[in-house]
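Peer 1: Pasting in a structure now, in structure tokens, and then I'll have a few things to ask.
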Amino acid sequence: MSLMQDPKRYTVTAALPYANGPVHIGHLAGCYLPADIYVRFLRQNQKDVKFICGTDEHGAAINIKAQKEGISPQEVVDRYHGIIDQAFKDFGIDFDIFSRTSKEVHHKTAQDFFLKLHEQGAFEEQTTEQYFDPEAQQFLADRFIVGQCPNCGFEEAYGDQCENCGSTLSANELINPKSRLSGSAPVKKETKHWFLPLNHLSGKIRNYIQAHKNWKPNVYGQCMSWLDSGDGLQARSMTRDLDWGIQVPLKDAEGKVLYVWFDAPIGYISATKELVGDDWTKYWQSDDTQLVHFIGKDNIVFHCIIFPALLMEHGGYHLPDAVPANEFLNLEGQKISTSRNWAVWLHEYLEDFPNQQDALRYALCANAPETKDNDFTWKDFQSRNNNELVAILGNFVNRVLVLMQKYYQGKIPAPDTLQAQDQEVLQNLTQAPNLIGEALGKFRFREAQTALMQLARAGNKYLAEEEPWKSVKTNPERTQTVMYVAAQVAAQLSQLMEPFLPHSAAKLRTYLNLPLLNWGQLEQQELLIPGHTVEKGALLFQKIEDAAIEAQREKLEASRKANAAAQYAPSKEPASFDDFTKMDLRVGEITQAQKVPKTSKLLKLEVNLGFEKRTIVSGISQFFNPDEIIGQKVVVLANLKPRKIKGIASEGMILMADDRSGNLHFATVAKEAEVGSTIS
RNA sequence: GGCGAGGUAGCUCAGCCGGUUAGAGCGCAGCACUCAUAAUGCUGAGGCCGCGAGUUCGAGUCUCGCCCUCGCUACCA
């Protein structure tokens with residue numbers, strides 16, 4: 001989506017951060033930094049733009065966090081809203097509004113939106129059985145149920161996933177489920193919910209997506225993948241049984257709230273209302289507005305399919321024009337993980353590197369995961385800062401300021417006749433705004449920032465070739481010309497840096513006594529007229545020493561060690577001898593093995609137990625080839641109730657050792673043990 | 001297993017509506033310079049463009065198959 005279409009105004013949103021934790025560099029690189037750069041660029045172009053964000057404060061995870069810490073959900077979201085808001089301010093992420101979904105205007109907006117859809121008959125009511133806590137008298141969201149993981153035996157698995165083995169679960173699969181509210185055993189009870197059927201919209205959605213073939217391949221591809229998937233688009237429940245969130249505005253909906261994924265994107269709309277009042281419709285319901293959603297790749301489906309579907313059903317809305325989703329940023333080769341504390345938190349970064357937010361902005365933009373997952377390393381961060389920001393950009397500016405002071409007491413000299421090389425540099429200056437602007441219009445932030453840096457490189461090259469420190473002794477007129485040209489480069493940099501490095505750009509402009517100019521004005525060559533005075537200034541960027549980098553790596557290393565230590569599965573509850581004797585454990589021998597078609601983990605085994613042969617389906621094919629395990633002696637749980645897996649009746653279970661890396665090994669017996677032997 | 005996105009110099013990444021000798025930054029090796037945070041500039045070495053077929057006068061660039069990484073999804077009792 002380029003600026004060429006020249007819409008009347010822009011609505012730019014950045015994904016609402018979830019208010020149950022602080023934000024880290026992955027969030028910044030993937031979403032907020034590119035959004036901020038884009039918006040600063042639009043503003044510098046005098047565009048009518050509203051940059052919208054805020055915290056997403058509903059949903060079960062916040063409830064849980066509150067319970068864990070013994071405080072109210074409101075206290076949780078208040079705390080993290082504050083931390084996140086401050087972090088964004090510190091990094092210069094310059095929203096027009098940073099709101100929150102707990103605001104009244106949002107509750108009202110979301111409820112009205114829901115009611116409109118309801119009146120239009122957009123929802124299907126469905127009654128299903130859900131777990132209900134009789135003691136707390138409420139239905140339990142998946143995350144409110146704990147129980148034993150059917151995969152790994154972990155006792156504290158949640159109803160949506162097991163944090164020990166990482167598998168995705170449904171609450172019905174948990175063994176001995178317990179309510180996290182009261183600790184009591186939940187009962188199944190019927191409950192009604194409002195589903196948005198997406199299937200009848202699939203044609204419209206497909207047309208909408210296909211009208212945007214220019215979207216990034218990762219975004220377009222994932223949308224089409226959803227539309228083309230075998231089952232098509234499924235109906236999704238837009239409500240939940242929960243007491244934290246936005247009440248479903250219907251009579252028969254006591255204790256039910258809007259699903260966070262319904263309410264969160266509407267938060268963009270509410271925040272716009274809060275910001276501009278009745279004018280909000282211009283930013284959401286007018287086709288001469290360009291609507292851009294910056295998100296991470298985890299949000300693609302919601303922003304490209306579900307949210308547009310909601311807007312379509314409601315009617316009257318302009319649909320998103322661009323969704324420049326980034327991929328993920330890894331940290332030192334590993335996935336960023338909040339729970340494993342494998343992250344660089346923004347607020348902590350600033351404690352360690354005060355006033356160096358532009359260094360991080362620069363490094364993250366230079367290495368942004370625009371087309372694929374990227375890796376952030378502290379060493380790369382250091383070299384970006386030291387070799388590029390300090391050595392190329394900062395150094396060039398400093399050279400100019402120092403020479404200007406030394407030769408002309410800060411007064412811009414009048415140029416003599418411009419030679420070819422002077423004109424070439426000046427021409428570079430007039431072309432740069434377009435070059436950078438075009439890249440930004442296409443959401444190519446790395447490319448844009450590289451073009452900016454090229455200008456500083458050109459400045460250094462120009463000084464090295466013209467050597468004003470030599471000519472000053474022999475040819476004052478020539479020196480004046482060279483310094484005049486060099487000063488123009490510094491001036492242009494102070495303007496073009498603004499979207500990327502706003503703090504340093506502002507500093508530089510004060511050194512140069514320049515205001516922030518419109519992007520359109522930057523094509524004029526003479527930003528600094530002869531006679532204009534510039535200040536002595538100071539260094540724009542600081543070098544980052546090895547010790548500081550080492551300290552950060554040690555911090556991560558500590559997390560790594562803590563994680564490794566915690567990786568043993570926790571001990572289980574005591575069991576009685578009776579419990580144990582219920583298990584019929586036998587020695588068996590694998591006599592046949594073959595892959596189950598269309599699965600990645602399953603092997604169909606035939607196991608000889610001596611008195612009979614059993615068919616057992618086992619999820620081990622990622623660790624063993626069928627051929628290799630024929631003849632393998634194994635321990636079999638023989639009296640496990642048979643169960644059909646992928647249409648095959650599995651009559652027992654092979655016992656496996658599951659190590660801390662998740663590798664499986666056979667629990668086995670001495671070779672001479674006879675098949676069919678009992679184990680006790 | 002299905003779907004999607006990637007696999008290009010030691011590292012991080014561009015390039016891909018097919019077209020002469022494949023690019024950038026960092027790192028590395030030389031040289032030059034000293035105004036500058038020992039900063040800068042120049043030159044150079046370094047690439048079976050994941051593997052194998054095919055289409056074409058011509059393929060990182062298109063088609064098919066395979067391998068690897070990441071994501072979604074099915075599956076593990």
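Ligands are numbered from 1 in the order shown, residues from 1 within each chain, and chains are lettered A, B, ... in the order they appear in the structure tokens.
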Chain A residues within 6 Å of chain B, counting only C-alpha atoms (C1' of nucleotides): which ones, as a list in words?
Peer 2: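 The answer, sorted by residue number, is Asn218, Gly221, Gln222, Ser225, Ala391, Arg399, Lys461, Ala464, Trp469, Lys598, Thr599, Ser600 and Gly619 of chain A.
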Peer 1: Any idea what's packed within 6 Å of range 296-306 of chain A, counting only C-alpha atoms (C1' of nucleotides), ignoring anything in its chain fewer than 4 positions away? Could you give it as a PyMOL selection string?
Peer 2: chain A and resi 30-31+325-327
Peer 1: Do a neighbour search on U56 in chain B at 12 Å with only C-alpha atoms (C1' of nucleotides), toss out local chain neighbours closer than 4 positions, and write the hits as a PyMOL selection string.
Peer 2: chain B and resi 18-19+62-63
Peer 1: Please provide as an MDAnalysis selection string all residues within 10 Å of G10 in chain B, with the sequence filter that same-chain residues fewer than 2 positions apart are discarded (counting only C-alpha atoms (C1' of nucleotides)).
Peer 2: chainID B and resid 27:28 46
Peer 1: In Å to one decimal, how far is CA of Pro177 in chain A from CA of Val146 in chain A?
Peer 2: 5.5 Å
Peer 1: Write out as a list in words all residues of range 374-488 of chain A that DSSP puts in strand (DSSP E or B) for this structure's backbone.
Peer 2: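 Across range 374-488 of chain A, those assigned strand (DSSP E or B) are Asn374, Asp375, Phe376 and Lys411 of chain A.
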Peer 1: Pull C-alpha atoms from the residues just selected and write them as a PDB file, in the first residue's frame.
Peer 2:
```
ATOM      1  CA  ASN A 374      14.923 -13.161  12.884  1.00  0.00           C
ATOM      2  CA  ASP A 375      17.371 -13.489  15.698  1.00  0.00           C
ATOM      3  CA  PHE A 376      18.305 -10.694  18.080  1.00  0.00           C
ATOM      4  CA  LYS A 411      28.422  30.172  11.294  1.00  0.00           C
TER       5      LYS A 411
END
```
Peer 1: Hey, what's within 10 Å of range 208-215 of chain A if we count only C-alpha atoms (C1' of nucleotides) and toss same-chain stuff fewer than 6 positions away? As a short mmCIF file (atom, residue, chain, number, x, y, z; two decimals) with C-alpha atoms, in the first residue's frame, please?
Peer 2:
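Below is the file that was written, out.cif:
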```cif
data_model
loop_
_atom_site.label_atom_id
_atom_site.label_comp_id
_atom_site.auth_asym_id
_atom_site.auth_seq_id
_atom_site.Cartn_x
_atom_site.Cartn_y
_atom_site.Cartn_z
CA MET A 1 0.00 0.00 0.00
CA SER A 202 -16.52 -17.12 3.20
CA GLY A 221 -0.72 -16.96 2.40
CA CYS A 223 -5.40 -16.09 5.07
CA MET A 224 -5.84 -18.19 1.96
CA LEU A 227 -10.10 -20.14 3.61
CA CYS A 304 -7.65 -10.33 8.30
CA ILE A 305 -10.63 -12.62 8.64
CA PRO A 308 -13.33 -7.88 8.82
CA ALA A 309 -16.13 -10.43 9.10
CA LEU A 319 -12.41 -2.66 5.87
CA PRO A 320 -8.70 -2.83 6.73
CA ASP A 321 -6.52 -1.84 3.78
CA ALA A 322 -3.23 -3.21 4.97
CA VAL A 323 -2.12 -5.57 7.68
CA PRO A 324 1.66 -5.48 7.64
CA ALA A 325 2.24 -8.32 10.08
CA LYS A 442 5.69 -0.25 1.13
#
```
Peer 1: Need to verify the contact set: G7 in chain B, 9 Å, only C-alpha atoms (C1' of nucleotides), exclusion of same-chain residues closer than 3 positions in sequence. Can you return it as JSON, numbers by chain?
Peer 2: {"B": [50, 68, 69]}
Peer 1: Could those selected residues go to a file with C-alpha atoms (C1' of nucleotides), as a PDB file, in the first residue's frame?
Peer 2:
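This is the output file part_37.pdb:
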```
ATOM      1  C1'   G B  50      18.860 -26.290   0.462  1.00  0.00           C
ATOM      2  C1'   C B  68      15.642 -28.863   6.737  1.00  0.00           C
ATOM      3  C1'   U B  69      13.644 -24.585   9.941  1.00  0.00           C
TER       4        U B  69
END
```
Peer 1: Residues at most 12 Å from Arg457 in chain A, counting only C-alpha atoms (C1' of nucleotides), excluding those fewer than 5 positions away in the same chain, as a count of residues only?
Peer 2: 26
Peer 1: Can you tell me how far CA of Phe294 in chain A sits from CA of Met312 in chain A, in Å to one decimal?
Peer 2: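 CA of Met312 in chain A lies at a distance of 20.2 Å from CA of Phe294 in chain A.
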Peer 1: Between B:C66, B:A59, B:C31, B:C49, which is the closest to A9 in chain B once you count only C-alpha atoms (C1' of nucleotides)?
Peer 2: B:C49
Peer 1: Expressed in Å to a single decimal, how great is the separation between CA of Val634 in chain A and CA of Ser576 in chain A?
Peer 2: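 Distance between the two atoms: 24.8 Å.
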Peer 1: As a compact mmCIF listing (two decimals) with C-alpha atoms, in the first residue's frame, list the residues of range 16-154 of chain A assigned to alpha helix (DSSP H) by DSSP on the backbone atoms of this structure.
Peer 2:
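And here's states30.txt as it stands now:
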```
# COMPACT_ATOMS: atom_id res chain seq x y z
CA ILE A 25 11.72 -6.37 22.36
CA GLY A 26 9.77 -8.88 20.31
CA HIS A 27 6.63 -6.80 20.65
CA LEU A 33 8.30 0.21 16.24
CA PRO A 34 7.30 -0.20 12.58
CA ALA A 35 3.92 1.33 13.37
CA ASP A 36 5.56 4.29 15.05
CA ILE A 37 8.01 4.83 12.21
CA TYR A 38 5.18 4.69 9.71
CA VAL A 39 3.07 7.15 11.66
CA ARG A 40 5.89 9.61 12.28
CA PHE A 41 6.54 9.55 8.57
CA LEU A 42 2.88 10.25 7.78
CA ARG A 43 2.80 13.08 10.28
CA GLN A 44 5.91 14.61 8.84
CA ALA A 60 -9.49 -15.36 31.63
CA ALA A 61 -5.70 -15.04 31.78
CA ILE A 62 -5.98 -11.77 33.69
CA ASN A 63 -8.38 -13.30 36.15
CA ILE A 64 -5.93 -16.10 36.77
CA LYS A 65 -2.99 -13.80 37.21
CA ALA A 66 -5.01 -11.83 39.77
CA GLN A 67 -5.94 -14.93 41.66
CA LYS A 68 -2.39 -16.19 41.72
CA GLU A 69 -1.17 -12.94 43.23
CA PRO A 73 -8.16 -8.24 38.17
CA GLN A 74 -8.49 -4.48 38.18
CA GLU A 75 -5.24 -4.15 40.12
CA VAL A 76 -3.49 -6.41 37.62
CA VAL A 77 -4.54 -4.41 34.60
CA ASP A 78 -3.90 -1.10 36.34
CA ARG A 79 -0.35 -2.15 37.10
CA TYR A 80 0.50 -3.41 33.63
CA HIS A 81 -1.31 -0.64 31.85
CA GLY A 82 0.98 1.74 33.72
CA ILE A 83 4.16 -0.19 32.99
CA ILE A 84 3.35 -0.69 29.31
CA ASP A 85 2.24 2.89 28.79
CA GLN A 86 5.45 4.19 30.36
CA ALA A 87 7.64 1.82 28.32
CA PHE A 88 6.06 3.02 25.08
CA LYS A 89 6.48 6.65 26.11
CA ASP A 90 10.11 6.03 26.97
CA GLU A 104 -16.67 2.83 29.75
CA VAL A 105 -16.70 4.12 26.19
CA HIS A 106 -15.33 0.80 25.09
CA HIS A 107 -17.83 -1.29 27.04
CA LYS A 108 -20.59 0.73 25.45
CA THR A 109 -19.13 0.54 21.95
CA ALA A 110 -18.55 -3.20 22.13
CA GLN A 111 -22.01 -3.86 23.54
CA ASP A 112 -23.67 -1.71 20.89
CA PHE A 113 -21.71 -3.53 18.24
CA PHE A 114 -22.81 -6.86 19.64
CA LEU A 115 -26.44 -5.77 19.88
CA LYS A 116 -26.47 -4.56 16.30
CA LEU A 117 -25.22 -7.93 15.11
CA HIS A 118 -27.70 -9.68 17.35
CA GLU A 119 -30.62 -7.62 16.02
```
